[in-house]
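So this one's structure-v7.csv, CSV, C-alpha atoms:
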chain,number,residue,atom,x,y,z
A,153,MET,CA,-64.7,72.5,-184.2
A,154,THR,CA,-61.0,73.0,-183.6
A,155,ASP,CA,-61.7,76.5,-182.2
A,156,TYR,CA,-64.4,75.1,-180.0
A,157,LEU,CA,-62.1,72.5,-178.6
A,158,ALA,CA,-59.3,75.0,-178.2
A,159,ASP,CA,-61.7,77.2,-176.1
A,160,VAL,CA,-62.7,74.1,-174.0
A,161,ALA,CA,-59.1,73.2,-173.4
A,162,ALA,CA,-58.1,76.8,-172.4
A,163,LEU,CA,-61.0,77.0,-169.9
A,164,ALA,CA,-60.3,73.5,-168.4
A,165,ARG,CA,-56.6,74.3,-168.1
A,166,LYS,CA,-57.4,77.5,-166.3
A,167,ASP,CA,-59.5,75.6,-163.7
A,168,LEU,CA,-56.7,73.1,-163.2
A,169,ARG,CA,-54.1,75.9,-162.8
A,170,LEU,CA,-56.4,77.7,-160.3
A,171,GLU,CA,-56.8,74.5,-158.3
A,172,LEU,CA,-53.0,73.8,-158.3
A,173,ARG,CA,-52.5,77.3,-157.0
A,174,ALA,CA,-55.3,77.6,-154.4
A,175,ARG,CA,-55.7,74.0,-153.5
A,176,ASP,CA,-59.1,74.7,-152.0
A,177,THR,CA,-61.2,72.0,-153.6
A,178,LEU,CA,-59.3,68.7,-154.3
A,179,PRO,CA,-57.8,68.3,-150.8
A,180,ALA,CA,-61.2,68.8,-149.2
A,181,MET,CA,-62.7,66.2,-151.6
A,182,VAL,CA,-60.0,63.6,-150.9
A,183,LEU,CA,-60.2,64.1,-147.1
A,184,PHE,CA,-63.9,63.9,-147.1
A,185,VAL,CA,-64.2,60.7,-149.2
A,186,VAL,CA,-61.4,58.9,-147.2
A,187,ALA,CA,-62.9,60.1,-143.8
A,188,THR,CA,-66.3,58.9,-144.9
A,189,LEU,CA,-65.0,55.4,-145.9
A,190,VAL,CA,-63.1,55.1,-142.6
A,191,VAL,CA,-66.3,56.0,-140.7
A,192,PHE,CA,-68.4,53.5,-142.7
A,193,HIS,CA,-65.7,50.8,-142.2
A,194,PHE,CA,-66.1,51.0,-138.4
A,195,ALA,CA,-69.9,51.7,-138.5
A,196,LEU,CA,-70.9,48.8,-140.8
A,197,PRO,CA,-71.7,45.6,-138.9
A,198,GLY,CA,-69.5,42.6,-139.6
A,199,GLY,CA,-72.1,40.5,-141.4
A,200,ALA,CA,-73.4,43.4,-143.5
A,201,GLY,CA,-72.0,42.0,-146.7
A,202,ASP,CA,-70.5,43.6,-149.8
A,203,ASP,CA,-73.8,44.9,-151.2
A,204,ALA,CA,-74.2,47.4,-148.3
A,205,ALA,CA,-70.6,48.5,-148.7
A,206,TYR,CA,-71.1,49.2,-152.4
A,207,GLY,CA,-74.1,51.3,-151.5
A,208,LEU,CA,-72.0,53.3,-149.0
A,209,LEU,CA,-69.3,53.8,-151.6
A,210,TRP,CA,-71.9,55.6,-153.8
A,211,VAL,CA,-73.1,57.8,-150.9
A,212,ALA,CA,-69.4,58.8,-150.4
A,213,LEU,CA,-68.8,59.5,-154.1
A,214,VAL,CA,-72.0,61.5,-154.6
A,215,PHE,CA,-71.3,63.8,-151.6
A,216,THR,CA,-67.7,64.1,-152.6
A,217,SER,CA,-68.7,65.3,-156.0
A,218,LEU,CA,-71.2,67.7,-154.4
A,219,LEU,CA,-68.4,69.1,-152.3
A,220,GLY,CA,-66.4,69.8,-155.4
A,221,LEU,CA,-69.3,71.3,-157.3
A,222,GLY,CA,-70.1,73.7,-154.5
A,223,ARG,CA,-66.8,75.4,-155.2
A,224,ALA,CA,-66.8,74.9,-159.0
A,225,TRP,CA,-67.9,78.4,-160.0
A,226,ALA,CA,-66.4,80.3,-157.1
A,227,PRO,CA,-63.5,81.7,-159.3
A,228,GLU,CA,-66.0,83.0,-161.8
A,229,THR,CA,-68.4,84.6,-159.3
A,230,GLU,CA,-65.7,86.2,-157.2
A,231,ALA,CA,-64.8,89.0,-159.6
A,232,GLY,CA,-67.5,88.7,-162.3
A,233,ALA,CA,-65.2,86.6,-164.6
A,234,LEU,CA,-68.2,84.7,-165.9
A,235,ASP,CA,-69.4,87.8,-167.6
A,236,GLY,CA,-66.0,88.2,-169.2
A,237,LEU,CA,-66.1,84.6,-170.4
A,238,VAL,CA,-69.6,84.9,-171.8
A,239,LEU,CA,-68.5,87.9,-173.9
A,240,ALA,CA,-65.3,86.3,-175.1
A,241,VAL,CA,-66.2,82.8,-176.1
A,242,SER,CA,-67.6,82.0,-179.5
A,243,ASP,CA,-70.0,79.4,-178.1
A,244,ARG,CA,-71.2,79.7,-174.4
A,245,SER,CA,-71.4,75.9,-174.1
A,246,THR,CA,-67.6,75.8,-174.1
A,247,ILE,CA,-67.7,77.3,-170.6
A,248,TRP,CA,-69.9,74.4,-169.4
A,249,LEU,CA,-67.8,71.8,-171.1
A,250,GLY,CA,-64.5,73.2,-169.8
A,251,LYS,CA,-66.0,73.3,-166.2
A,252,THR,CA,-67.3,69.7,-166.6
A,253,LEU,CA,-63.9,68.4,-167.7
A,254,ALA,CA,-62.2,70.2,-164.8
A,255,ALA,CA,-64.8,68.8,-162.3
A,256,LEU,CA,-64.3,65.4,-163.8
A,257,ALA,CA,-60.5,65.7,-163.3
A,258,PHE,CA,-61.0,66.6,-159.6
A,259,LEU,CA,-63.5,63.8,-159.0
A,260,GLY,CA,-61.3,61.4,-160.8
A,261,ALA,CA,-58.3,62.4,-158.7
A,262,ALA,CA,-60.4,61.9,-155.5
A,263,GLU,CA,-61.6,58.5,-156.8
A,264,LEU,CA,-57.9,57.5,-157.4
A,265,VAL,CA,-57.6,57.6,-153.6
A,266,ALA,CA,-61.1,56.5,-152.7
A,267,LEU,CA,-61.3,53.3,-154.7
A,268,PRO,CA,-58.1,51.7,-153.4
A,269,ALA,CA,-59.2,52.8,-149.9
A,270,PHE,CA,-62.6,51.1,-150.5
A,271,ALA,CA,-60.9,47.9,-151.7
A,272,LEU,CA,-58.7,48.0,-148.6
A,273,PHE,CA,-61.6,48.5,-146.2
A,274,PHE,CA,-64.4,46.6,-147.8
A,275,ALA,CA,-64.1,44.6,-151.1
A,276,PRO,CA,-62.3,44.8,-154.4
A,277,LEU,CA,-64.0,46.5,-157.3
A,278,ASP,CA,-64.3,44.4,-160.5
A,279,GLY,CA,-64.3,45.7,-164.1
A,280,PRO,CA,-68.1,46.4,-164.4
A,281,ALA,CA,-68.0,48.3,-161.0
A,282,LEU,CA,-65.1,50.4,-162.2
A,283,ALA,CA,-66.9,51.1,-165.5
A,284,GLY,CA,-69.9,52.1,-163.5
A,285,VAL,CA,-67.8,54.6,-161.4
A,286,ALA,CA,-66.4,56.1,-164.6
A,287,LEU,CA,-69.8,56.5,-166.4
A,288,ALA,CA,-71.5,57.8,-163.3
A,289,SER,CA,-68.7,60.3,-162.7
A,290,ILE,CA,-69.3,61.7,-166.2
A,291,GLY,CA,-73.0,62.1,-165.4
A,292,LEU,CA,-72.4,63.6,-162.0
A,293,CYS,CA,-70.0,66.2,-163.4
A,294,ALA,CA,-72.1,67.0,-166.5
A,295,VAL,CA,-75.3,67.6,-164.6
A,296,GLY,CA,-73.5,69.0,-161.6
A,297,SER,CA,-71.7,71.7,-163.6
A,298,LEU,CA,-75.0,73.0,-165.0
A,299,VAL,CA,-76.9,73.0,-161.7
A,300,SER,CA,-74.0,74.5,-159.8
A,301,ALA,CA,-73.9,77.3,-162.3
A,302,MET,CA,-77.6,77.9,-161.7
A,303,ALA,CA,-77.1,77.8,-158.0
A,304,ALA,CA,-74.0,80.1,-158.1
A,305,ALA,CA,-76.1,82.8,-159.7
A,306,ALA,CA,-78.8,82.6,-157.0
A,307,ARG,CA,-79.1,83.6,-153.4
A,308,GLY,CA,-79.0,80.7,-151.0
A,309,ARG,CA,-76.7,78.7,-153.3
A,310,GLU,CA,-75.6,76.4,-150.5
A,311,VAL,CA,-79.2,75.2,-150.1
A,312,LEU,CA,-80.1,75.3,-153.8
A,313,LEU,CA,-77.3,73.2,-155.1
A,314,PRO,CA,-78.1,70.0,-153.2
A,315,LEU,CA,-81.8,70.5,-153.8
A,316,LEU,CA,-81.2,70.6,-157.6
A,317,PHE,CA,-78.3,68.1,-157.7
A,318,LEU,CA,-79.3,65.2,-155.5
A,319,PRO,CA,-82.6,64.3,-157.2
A,320,LEU,CA,-80.7,64.3,-160.5
A,321,ALA,CA,-78.0,62.1,-159.1
A,322,ILE,CA,-80.3,59.3,-157.8
A,323,PRO,CA,-80.5,57.5,-161.2
A,324,LEU,CA,-76.7,57.6,-161.3
A,325,VAL,CA,-76.5,56.0,-157.8
A,326,VAL,CA,-79.0,53.3,-158.9
A,327,GLY,CA,-76.9,52.6,-162.0
A,328,GLY,CA,-73.6,52.7,-160.2
A,329,VAL,CA,-74.8,50.3,-157.4
A,330,GLY,CA,-76.5,48.1,-160.0
A,331,SER,CA,-73.3,47.8,-162.0
A,332,SER,CA,-71.4,46.8,-158.9
A,333,ILE,CA,-73.7,44.1,-157.5
A,334,SER,CA,-76.0,42.9,-160.3
A,335,PRO,CA,-75.3,39.6,-162.1
A,336,ASP,CA,-76.2,41.5,-165.3
A,337,PRO,CA,-74.1,44.7,-165.0
A,338,GLY,CA,-74.4,45.4,-168.7
A,339,THR,CA,-78.0,46.7,-168.4
A,340,TYR,CA,-76.9,49.1,-165.7
A,341,LEU,CA,-73.9,50.3,-167.7
A,342,ALA,CA,-76.1,50.9,-170.7
A,343,PHE,CA,-78.5,52.9,-168.5
A,344,LEU,CA,-75.6,55.0,-167.2
A,345,GLY,CA,-74.3,55.6,-170.8
A,346,LEU,CA,-77.8,56.6,-171.9
A,347,TYR,CA,-78.2,59.0,-168.9
A,348,ASP,CA,-74.8,60.5,-169.6
A,349,ALA,CA,-75.7,61.1,-173.3
A,350,VAL,CA,-79.1,62.6,-172.6
A,351,PHE,CA,-78.1,64.8,-169.7
A,352,ALA,CA,-74.9,66.0,-171.4
A,353,ILE,CA,-76.8,67.1,-174.4
A,354,LEU,CA,-79.5,68.8,-172.3
A,355,SER,CA,-76.9,70.6,-170.2
A,356,TRP,CA,-74.9,71.6,-173.2
A,357,ALA,CA,-78.0,73.1,-174.8
A,358,ALA,CA,-79.3,74.7,-171.6
A,359,PHE,CA,-76.2,76.4,-170.5
A,360,GLU,CA,-76.7,79.4,-172.8
A,361,TYR,CA,-79.9,80.3,-170.9
A,362,VAL,CA,-78.3,79.8,-167.5
A,363,VAL,CA,-75.7,82.5,-168.0
A,364,THR,CA,-78.1,85.1,-169.4
A,365,GLU,CA,-80.4,87.0,-167.0
B,150,MET,CA,-79.4,99.8,-188.8
B,151,ALA,CA,-77.0,100.8,-191.5
B,152,GLU,CA,-75.8,104.0,-189.9
B,153,VAL,CA,-76.7,103.2,-186.3
B,154,VAL,CA,-74.7,100.9,-184.0
B,155,VAL,CA,-77.2,100.9,-181.1
B,156,ARG,CA,-80.9,101.6,-181.3
B,157,ALA,CA,-83.2,101.3,-178.2
B,158,ARG,CA,-86.9,101.9,-178.3
B,159,GLY,CA,-89.2,101.8,-175.3
B,160,LEU,CA,-86.6,99.8,-173.4
B,161,GLU,CA,-87.8,98.4,-170.1
B,162,LYS,CA,-86.1,96.1,-167.5
B,163,ARG,CA,-87.7,94.7,-164.4
B,164,TYR,CA,-86.4,92.4,-161.8
B,165,GLY,CA,-89.6,90.7,-160.6
B,166,SER,CA,-92.0,93.5,-160.1
B,167,HIS,CA,-89.3,96.0,-159.5
B,168,PRO,CA,-88.7,98.3,-162.5
B,169,VAL,CA,-85.1,99.3,-163.1
B,170,LEU,CA,-85.4,100.9,-166.5
B,171,ARG,CA,-88.5,102.3,-168.1
B,172,ASP,CA,-89.1,103.7,-171.5
B,173,VAL,CA,-85.5,104.3,-172.5
B,174,ALA,CA,-84.9,105.3,-176.1
B,175,PHE,CA,-81.8,106.4,-177.9
B,176,GLU,CA,-79.6,105.8,-181.0
B,177,LEU,CA,-75.9,105.8,-181.3
B,178,ALA,CA,-74.0,106.2,-184.6
B,179,PRO,CA,-70.7,104.5,-185.5
B,180,GLY,CA,-67.8,106.2,-183.8
B,181,GLY,CA,-70.1,108.0,-181.4
B,182,THR,CA,-69.5,108.3,-177.6
B,183,LEU,CA,-72.7,108.1,-175.5
B,184,VAL,CA,-72.3,109.4,-171.9
B,185,VAL,CA,-74.9,107.9,-169.5
B,186,THR,CA,-75.5,109.8,-166.3
B,187,GLY,CA,-78.0,109.5,-163.5
B,188,PRO,CA,-78.3,109.0,-159.8
B,189,ASN,CA,-77.5,105.7,-158.0
B,190,GLY,CA,-80.2,103.2,-158.8
B,191,ALA,CA,-81.2,104.9,-162.0
B,192,GLY,CA,-80.3,101.7,-164.0
B,193,LYS,CA,-77.0,102.8,-165.6
B,194,THR,CA,-75.3,99.4,-164.9
B,195,THR,CA,-78.4,97.5,-166.0
B,196,LEU,CA,-78.5,99.5,-169.3
B,197,LEU,CA,-74.9,98.7,-170.0
B,198,ARG,CA,-75.5,95.0,-169.2
B,199,LEU,CA,-78.4,95.0,-171.7
B,200,LEU,CA,-76.1,96.5,-174.3
B,201,ALA,CA,-73.4,93.9,-173.7
B,202,GLY,CA,-76.0,91.1,-174.1
B,203,LEU,CA,-75.5,89.9,-170.5
B,204,ALA,CA,-79.2,90.5,-169.7
B,205,ALA,CA,-82.4,90.6,-171.8
B,206,PRO,CA,-84.9,93.4,-171.8
B,207,THR,CA,-88.3,92.8,-170.2
B,208,ARG,CA,-90.0,95.0,-172.9
B,209,GLY,CA,-89.1,97.2,-175.8
B,210,SER,CA,-86.5,96.6,-178.4
B,211,LEU,CA,-82.7,96.9,-178.3
B,212,GLU,CA,-80.7,96.4,-181.5
B,213,VAL,CA,-76.9,96.3,-181.2
B,214,ALA,CA,-75.2,96.0,-184.6
B,215,VAL,CA,-72.0,94.6,-183.2
B,216,GLU,CA,-71.3,90.9,-182.7
B,217,ARG,CA,-70.6,89.8,-179.1
B,218,ALA,CA,-67.0,89.1,-179.6
B,219,ARG,CA,-66.4,92.7,-180.8
B,220,ILE,CA,-67.7,94.2,-177.5
B,221,GLY,CA,-65.4,95.3,-174.8
B,222,LEU,CA,-66.8,95.7,-171.3
B,223,VAL,CA,-65.5,97.3,-168.1
B,224,GLY,CA,-68.0,96.7,-165.3
B,225,HIS,CA,-68.1,97.3,-161.6
B,226,GLU,CA,-66.3,94.0,-161.2
B,227,PRO,CA,-63.0,93.5,-163.1
B,228,LEU,CA,-64.1,90.3,-164.8
B,229,LEU,CA,-60.8,88.7,-164.0
B,230,TYR,CA,-59.5,85.7,-162.0
B,231,ARG,CA,-58.0,86.9,-158.8
B,232,GLU,CA,-55.7,83.9,-158.4
B,233,LEU,CA,-54.2,84.2,-161.9
B,234,THR,CA,-51.5,86.7,-162.7
B,235,ALA,CA,-52.2,89.7,-165.0
B,236,LEU,CA,-50.3,87.9,-167.8
B,237,GLU,CA,-52.3,84.6,-167.3
B,238,ASN,CA,-55.6,86.5,-167.3
B,239,LEU,CA,-54.9,88.4,-170.5
B,240,ASP,CA,-53.5,85.3,-172.1
B,241,LEU,CA,-56.7,83.4,-171.4
B,242,TYR,CA,-58.8,86.2,-172.8
B,243,GLY,CA,-56.4,86.6,-175.8
B,244,ARG,CA,-56.8,82.9,-176.6
B,245,LEU,CA,-60.7,83.0,-176.3
B,246,TYR,CA,-60.8,86.2,-178.5
B,247,ARG,CA,-58.3,84.5,-180.9
B,248,ILE,CA,-56.1,87.5,-181.1
B,249,ASP,CA,-53.2,87.3,-183.6
B,250,GLU,CA,-49.9,88.2,-182.1
B,251,ARG,CA,-51.5,88.0,-178.7
B,252,ARG,CA,-48.3,88.3,-176.7
B,253,GLU,CA,-47.3,91.5,-178.4
B,254,ARG,CA,-50.7,93.0,-177.9
B,255,ILE,CA,-50.7,92.0,-174.2
B,256,GLY,CA,-47.2,93.4,-173.6
B,257,MET,CA,-48.2,96.7,-175.3
B,258,LEU,CA,-51.3,97.2,-173.2
B,259,LEU,CA,-49.5,96.2,-169.9
B,260,GLU,CA,-46.8,98.7,-170.7
B,261,ARG,CA,-49.3,101.4,-171.7
B,262,PHE,CA,-51.2,101.0,-168.4
B,263,GLY,CA,-48.1,100.8,-166.2
B,264,LEU,CA,-48.6,97.1,-165.2
B,265,TRP,CA,-45.6,95.5,-167.0
B,266,ASP,CA,-43.5,95.2,-163.9
B,267,ALA,CA,-46.4,93.6,-162.0
B,268,ARG,CA,-47.4,91.2,-164.8
B,269,HIS,CA,-46.4,88.1,-162.9
B,270,GLN,CA,-48.2,89.1,-159.7
B,271,ARG,CA,-51.6,87.6,-158.9
B,272,VAL,CA,-54.5,89.9,-159.3
B,273,SER,CA,-55.4,89.3,-155.7
B,274,SER,CA,-52.3,91.2,-154.7
B,275,TYR,CA,-53.2,94.2,-156.8
B,276,SER,CA,-54.6,97.4,-155.4
B,277,ARG,CA,-58.1,98.5,-156.6
B,278,GLY,CA,-56.6,101.0,-159.0
B,279,MET,CA,-54.2,98.4,-160.5
B,280,THR,CA,-57.1,96.0,-160.9
B,281,GLN,CA,-59.1,98.6,-162.7
B,282,ARG,CA,-56.2,99.3,-165.0
B,283,LEU,CA,-56.0,95.6,-165.8
B,284,ALA,CA,-59.7,95.5,-166.4
B,285,LEU,CA,-59.2,98.2,-169.0
B,286,CYS,CA,-56.4,96.2,-170.6
B,287,ARG,CA,-58.7,93.2,-170.8
B,288,ALA,CA,-61.5,95.2,-172.3
B,289,LEU,CA,-59.2,96.8,-175.0
B,290,LEU,CA,-57.3,93.6,-175.7
B,291,HIS,CA,-59.3,92.6,-178.8
B,292,GLN,CA,-59.7,96.1,-180.1
B,293,PRO,CA,-63.5,96.2,-179.7
B,294,SER,CA,-65.8,97.9,-182.0
B,295,LEU,CA,-68.2,98.8,-179.2
B,296,LEU,CA,-66.6,99.7,-175.8
B,297,ILE,CA,-68.9,99.7,-172.8
B,298,LEU,CA,-67.5,101.3,-169.7
B,299,ASP,CA,-69.3,101.5,-166.3
B,300,GLU,CA,-67.9,104.3,-164.2
B,301,PRO,CA,-64.4,103.5,-165.5
B,302,HIS,CA,-62.7,106.4,-163.6
B,303,SER,CA,-63.7,104.9,-160.2
B,304,ALA,CA,-60.8,103.5,-158.3
B,305,LEU,CA,-58.3,105.0,-160.6
B,306,ASP,CA,-55.6,107.4,-159.3
B,307,ALA,CA,-54.8,110.6,-161.2
B,308,GLU,CA,-52.3,108.9,-163.4
B,309,GLY,CA,-54.6,106.1,-164.2
B,310,ALA,CA,-57.5,108.4,-164.9
B,311,SER,CA,-55.3,110.5,-167.3
B,312,LEU,CA,-54.3,107.3,-169.1
B,313,LEU,CA,-58.0,106.4,-169.5
B,314,ASP,CA,-58.7,109.9,-170.8
B,315,GLU,CA,-55.9,109.5,-173.4
B,316,GLU,CA,-57.3,106.1,-174.4
B,317,LEU,CA,-60.8,107.6,-174.8
B,318,ALA,CA,-59.4,110.4,-176.8
B,319,ALA,CA,-57.6,108.0,-179.1
B,320,LEU,CA,-60.8,105.9,-179.5
B,321,ALA,CA,-63.1,108.8,-180.1
B,322,GLY,CA,-64.4,108.9,-183.7
B,323,GLY,CA,-63.0,105.5,-184.6
B,324,HIS,CA,-64.8,103.3,-182.0
B,325,THR,CA,-68.3,103.4,-180.6
B,326,VAL,CA,-68.2,104.0,-176.8
B,327,VAL,CA,-70.9,103.9,-174.2
B,328,VAL,CA,-69.7,105.1,-170.8
B,329,SER,CA,-71.6,105.7,-167.6
B,330,THR,CA,-70.3,108.3,-165.1
B,331,HIS,CA,-71.1,110.6,-162.2
B,332,ASP,CA,-68.7,113.1,-163.7
B,333,PRO,CA,-70.0,114.0,-167.1
B,334,GLU,CA,-67.8,117.1,-167.4
B,335,ARG,CA,-64.7,115.0,-167.5
B,336,LEU,CA,-66.1,113.1,-170.5
B,337,ALA,CA,-67.5,116.2,-172.2
B,338,PRO,CA,-64.5,116.5,-174.7
B,339,PHE,CA,-65.3,113.0,-176.1
B,340,ALA,CA,-69.1,112.9,-175.8
B,341,SER,CA,-71.2,113.0,-178.9
B,342,ALA,CA,-74.5,112.3,-177.0
B,343,ARG,CA,-75.7,112.2,-173.5
B,344,LEU,CA,-78.4,110.1,-171.9
B,345,GLU,CA,-79.8,111.1,-168.5
B,346,LEU,CA,-81.5,108.3,-166.6
B,347,GLU,CA,-83.9,108.8,-163.8
B,348,ARG,CA,-85.0,106.2,-161.2
B,349,ALA,CA,-87.8,104.1,-162.8
The structure given in the file should be rewritten as structure tokens.
Amino acid sequence: MTDYLADVAALARKDLRLELRARDTLPAMVLFVVATLVVFHFALPGGAGDDAAYGLLWVALVFTSLLGLGRAWAPETEAGALDGLVLAVSDRSTIWLGKTLAALAFLGAAELVALPAFALFFAPLDGPALAGVALASIGLCAVGSLVSAMAAAARGREVLLPLLFLPLAIPLVVGGVGSSISPDPGTYLAFLGLYDAVFAILSWAAFEYVVTE
Amino acid sequence: MAEVVVRARGLEKRYGSHPVLRDVAFELAPGGTLVVTGPNGAGKTTLLRLLAGLAAPTRGSLEVAVERARIGLVGHEPLLYRELTALENLDLYGRLYRIDERRERIGMLLERFGLWDARHQRVSSYSRGMTQRLALCRALLHQPSLLILDEPHSALDAEGASLLDEELAALAGGHTVVVSTHDPERLAPFASARLELERA
């Protein structure tokens, strides 16, 4: 178990180092989510209410995560490094988990900017809404890291990734919006937790087959 | 499999309906060096990827009596991160392979392949020949039992090619090597067997 976690930590740290050096993912995510919220701020009619604003927040967050996931495997595909990792790690699922943690760090950093901006433009986020964002982000990154690995290995990856990712993200949007606006957010948070558990286990188990031809 | 490291029987690989390898059979004993030759498109790279466990055969059997972590691979791509330095790349692989005294081993290889002075440079700033040398360092880092080399002399200058020949000479007999090439004469001194592939 210690070796497994050491591999995951080394792989996630590598992704953070690459991003700190290249800065080609996180700035784009932050710019996109802030620009989207600014556009929504001016486009939303005055009497639209907070419920519509929460819906738009989730549109912004899902597409921000999609932007990050589209670049997630670029360092591995550029020079065939994924093959090197597949041969080196003791368990191939460590590659998926390392990538998921790195994607979560990037999405979390974008949300650190996006959520205060949302509160400034629209409405404050309460505890259940923040918990919904946290749980949905885990699900977005867990599923997204798997499907972006599948898309990265295929031709037409730019088309394939949204086709695979967006249908799987719909339950997370439903849970996220529900936890923000429902009088009973606990049900939606439990649903998000269940989704995270089920899809994390499925992604963990399936990754082996994604990286083998 | 007691005295055979690799055994292939009726090996076939297809991508869709397109056959890449058909009815390939060979055996390789421990410490042997198999030289794989053939024209472009004959399936040399595909065969080496099958041996490394990076692809699965469509038909036939392939037994490799070496665990995955004991395989070293030099492919057409360097299998490195271009935005990491040579040292960072080898350190990452050293951690994943759990190499004892990793820093000493990395330093020794970088010295041996003439990359020590460029160890803090990003791989993206390397020439093709330097990248190939670093790919060899990566493949040899964990002292693999089975070394798979796909046209390893390509991109190397005369000095790099000589270093590789010296390394192959040192490995011959003690390690099992499978190497594809368009220049079998160069590898003749190390070869214990030869496999000629034809377009499927």
* Work out how far atom CA of B:Val153 is from atom CA of B:Val215, in Å to one decimal. =>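 Those two atoms sit 10.3 Å apart.
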* atom CA of B:Glu212 to atom CA of B:Thr325, distance in Å rounded to a single decimal ->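 Separation of atom CA of B:Glu212 and atom CA of B:Thr325: 14.3 Å.
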Determine, counting only C-alpha atoms, which protein, DNA and RNA residues have an atom within 12 Å of an atom of A:Phe351; residues of the same chain fewer than 3 positions away are not included. Present the result as a PDB file with C-alpha atoms, in the frame of the given file.
ATOM      1  CA  ALA A 288     -71.500  57.800-163.300  1.00  0.00           C
ATOM      2  CA  ILE A 290     -69.300  61.700-166.200  1.00  0.00           C
ATOM      3  CA  GLY A 291     -73.000  62.100-165.400  1.00  0.00           C
ATOM      4  CA  LEU A 292     -72.400  63.600-162.000  1.00  0.00           C
ATOM      5  CA  CYS A 293     -70.000  66.200-163.400  1.00  0.00           C
ATOM      6  CA  ALA A 294     -72.100  67.000-166.500  1.00  0.00           C
ATOM      7  CA  VAL A 295     -75.300  67.600-164.600  1.00  0.00           C
ATOM      8  CA  GLY A 296     -73.500  69.000-161.600  1.00  0.00           C
ATOM      9  CA  SER A 297     -71.700  71.700-163.600  1.00  0.00           C
ATOM     10  CA  LEU A 298     -75.000  73.000-165.000  1.00  0.00           C
ATOM     11  CA  VAL A 299     -76.900  73.000-161.700  1.00  0.00           C
ATOM     12  CA  LEU A 320     -80.700  64.300-160.500  1.00  0.00           C
ATOM     13  CA  ALA A 321     -78.000  62.100-159.100  1.00  0.00           C
ATOM     14  CA  PRO A 323     -80.500  57.500-161.200  1.00  0.00           C
ATOM     15  CA  LEU A 324     -76.700  57.600-161.300  1.00  0.00           C
ATOM     16  CA  PHE A 343     -78.500  52.900-168.500  1.00  0.00           C
ATOM     17  CA  LEU A 344     -75.600  55.000-167.200  1.00  0.00           C
ATOM     18  CA  GLY A 345     -74.300  55.600-170.800  1.00  0.00           C
ATOM     19  CA  LEU A 346     -77.800  56.600-171.900  1.00  0.00           C
ATOM     20  CA  TYR A 347     -78.200  59.000-168.900  1.00  0.00           C
ATOM     21  CA  ASP A 348     -74.800  60.500-169.600  1.00  0.00           C
ATOM     22  CA  LEU A 354     -79.500  68.800-172.300  1.00  0.00           C
ATOM     23  CA  SER A 355     -76.900  70.600-170.200  1.00  0.00           C
ATOM     24  CA  TRP A 356     -74.900  71.600-173.200  1.00  0.00           C
ATOM     25  CA  ALA A 357     -78.000  73.100-174.800  1.00  0.00           C
ATOM     26  CA  ALA A 358     -79.300  74.700-171.600  1.00  0.00           C
ATOM     27  CA  PHE A 359     -76.200  76.400-170.500  1.00  0.00           C
TER      28      PHE A 359
END
* Quick one, how far is atom CA of A:Ala205 from atom CA of A:Leu272? ->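 Interatomic distance, atom CA of A:Ala205 to atom CA of A:Leu272: 11.9 Å.
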* Asked: From the list A:Val362, A:Ala255, A:Val238, A:Val214, which residue is nearest chain B when using all atoms listed in the file?
  ->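 Closest candidate: A:Val238.
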Could you pull out every residue with an atom within 7 Å of (-47.3, 92.5, -165.0), file coordinates, counting all atoms listed in the file, and send them as a compact mmCIF listing (two decimals) with C-alpha atoms, in the coordinates of the input?
# COMPACT_ATOMS: atom_id res chain seq x y z
CA ALA B 235 -52.20 89.70 -165.00
CA LEU B 236 -50.30 87.90 -167.80
CA LEU B 259 -49.50 96.20 -169.90
CA LEU B 264 -48.60 97.10 -165.20
CA TRP B 265 -45.60 95.50 -167.00
CA ASP B 266 -43.50 95.20 -163.90
CA ALA B 267 -46.40 93.60 -162.00
CA ARG B 268 -47.40 91.20 -164.80
CA HIS B 269 -46.40 88.10 -162.90
CA GLN B 270 -48.20 89.10 -159.70
* To do: Using all atoms listed in the file, select each residue of chain A with any atom at most 12 Å away from an atom of chain B, and give the selection as a PyMOL selection string.
  => chain A and resi 155-176+225-244+246-247+360-365
* To do: Can you work out which one of B:Ala174, B:Ile255, B:Val328, B:Leu298 has the shortest atom-to-atom distance to B:Arg156, counting all atoms listed in the file?
  =>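 Of B:Ala174, B:Ile255, B:Val328, B:Leu298, the one nearest B:Arg156, counting all atoms listed in the file, is B:Ala174.
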* Polymer residues at most 9 Å from (-82.6, 99.7, -170.3) by all atoms listed in the file, as number ranges by chain -> B: 157, 159-162, 169-174, 192-193, 195-200, 206-207, 209, 211
Would you put the residues from that selection into a file with C-alpha atoms, as a short mmCIF file (atom, residue, chain, number, x, y, z; two decimals), keeping the file's coordinate frame?
data_model
loop_
_atom_site.label_atom_id
_atom_site.label_comp_id
_atom_site.auth_asym_id
_atom_site.auth_seq_id
_atom_site.Cartn_x
_atom_site.Cartn_y
_atom_site.Cartn_z
CA ALA B 157 -83.20 101.30 -178.20
CA GLY B 159 -89.20 101.80 -175.30
CA LEU B 160 -86.60 99.80 -173.40
CA GLU B 161 -87.80 98.40 -170.10
CA LYS B 162 -86.10 96.10 -167.50
CA VAL B 169 -85.10 99.30 -163.10
CA LEU B 170 -85.40 100.90 -166.50
CA ARG B 171 -88.50 102.30 -168.10
CA ASP B 172 -89.10 103.70 -171.50
CA VAL B 173 -85.50 104.30 -172.50
CA ALA B 174 -84.90 105.30 -176.10
CA GLY B 192 -80.30 101.70 -164.00
CA LYS B 193 -77.00 102.80 -165.60
CA THR B 195 -78.40 97.50 -166.00
CA LEU B 196 -78.50 99.50 -169.30
CA LEU B 197 -74.90 98.70 -170.00
CA ARG B 198 -75.50 95.00 -169.20
CA LEU B 199 -78.40 95.00 -171.70
CA LEU B 200 -76.10 96.50 -174.30
CA PRO B 206 -84.90 93.40 -171.80
CA THR B 207 -88.30 92.80 -170.20
CA GLY B 209 -89.10 97.20 -175.80
CA LEU B 211 -82.70 96.90 -178.30
#
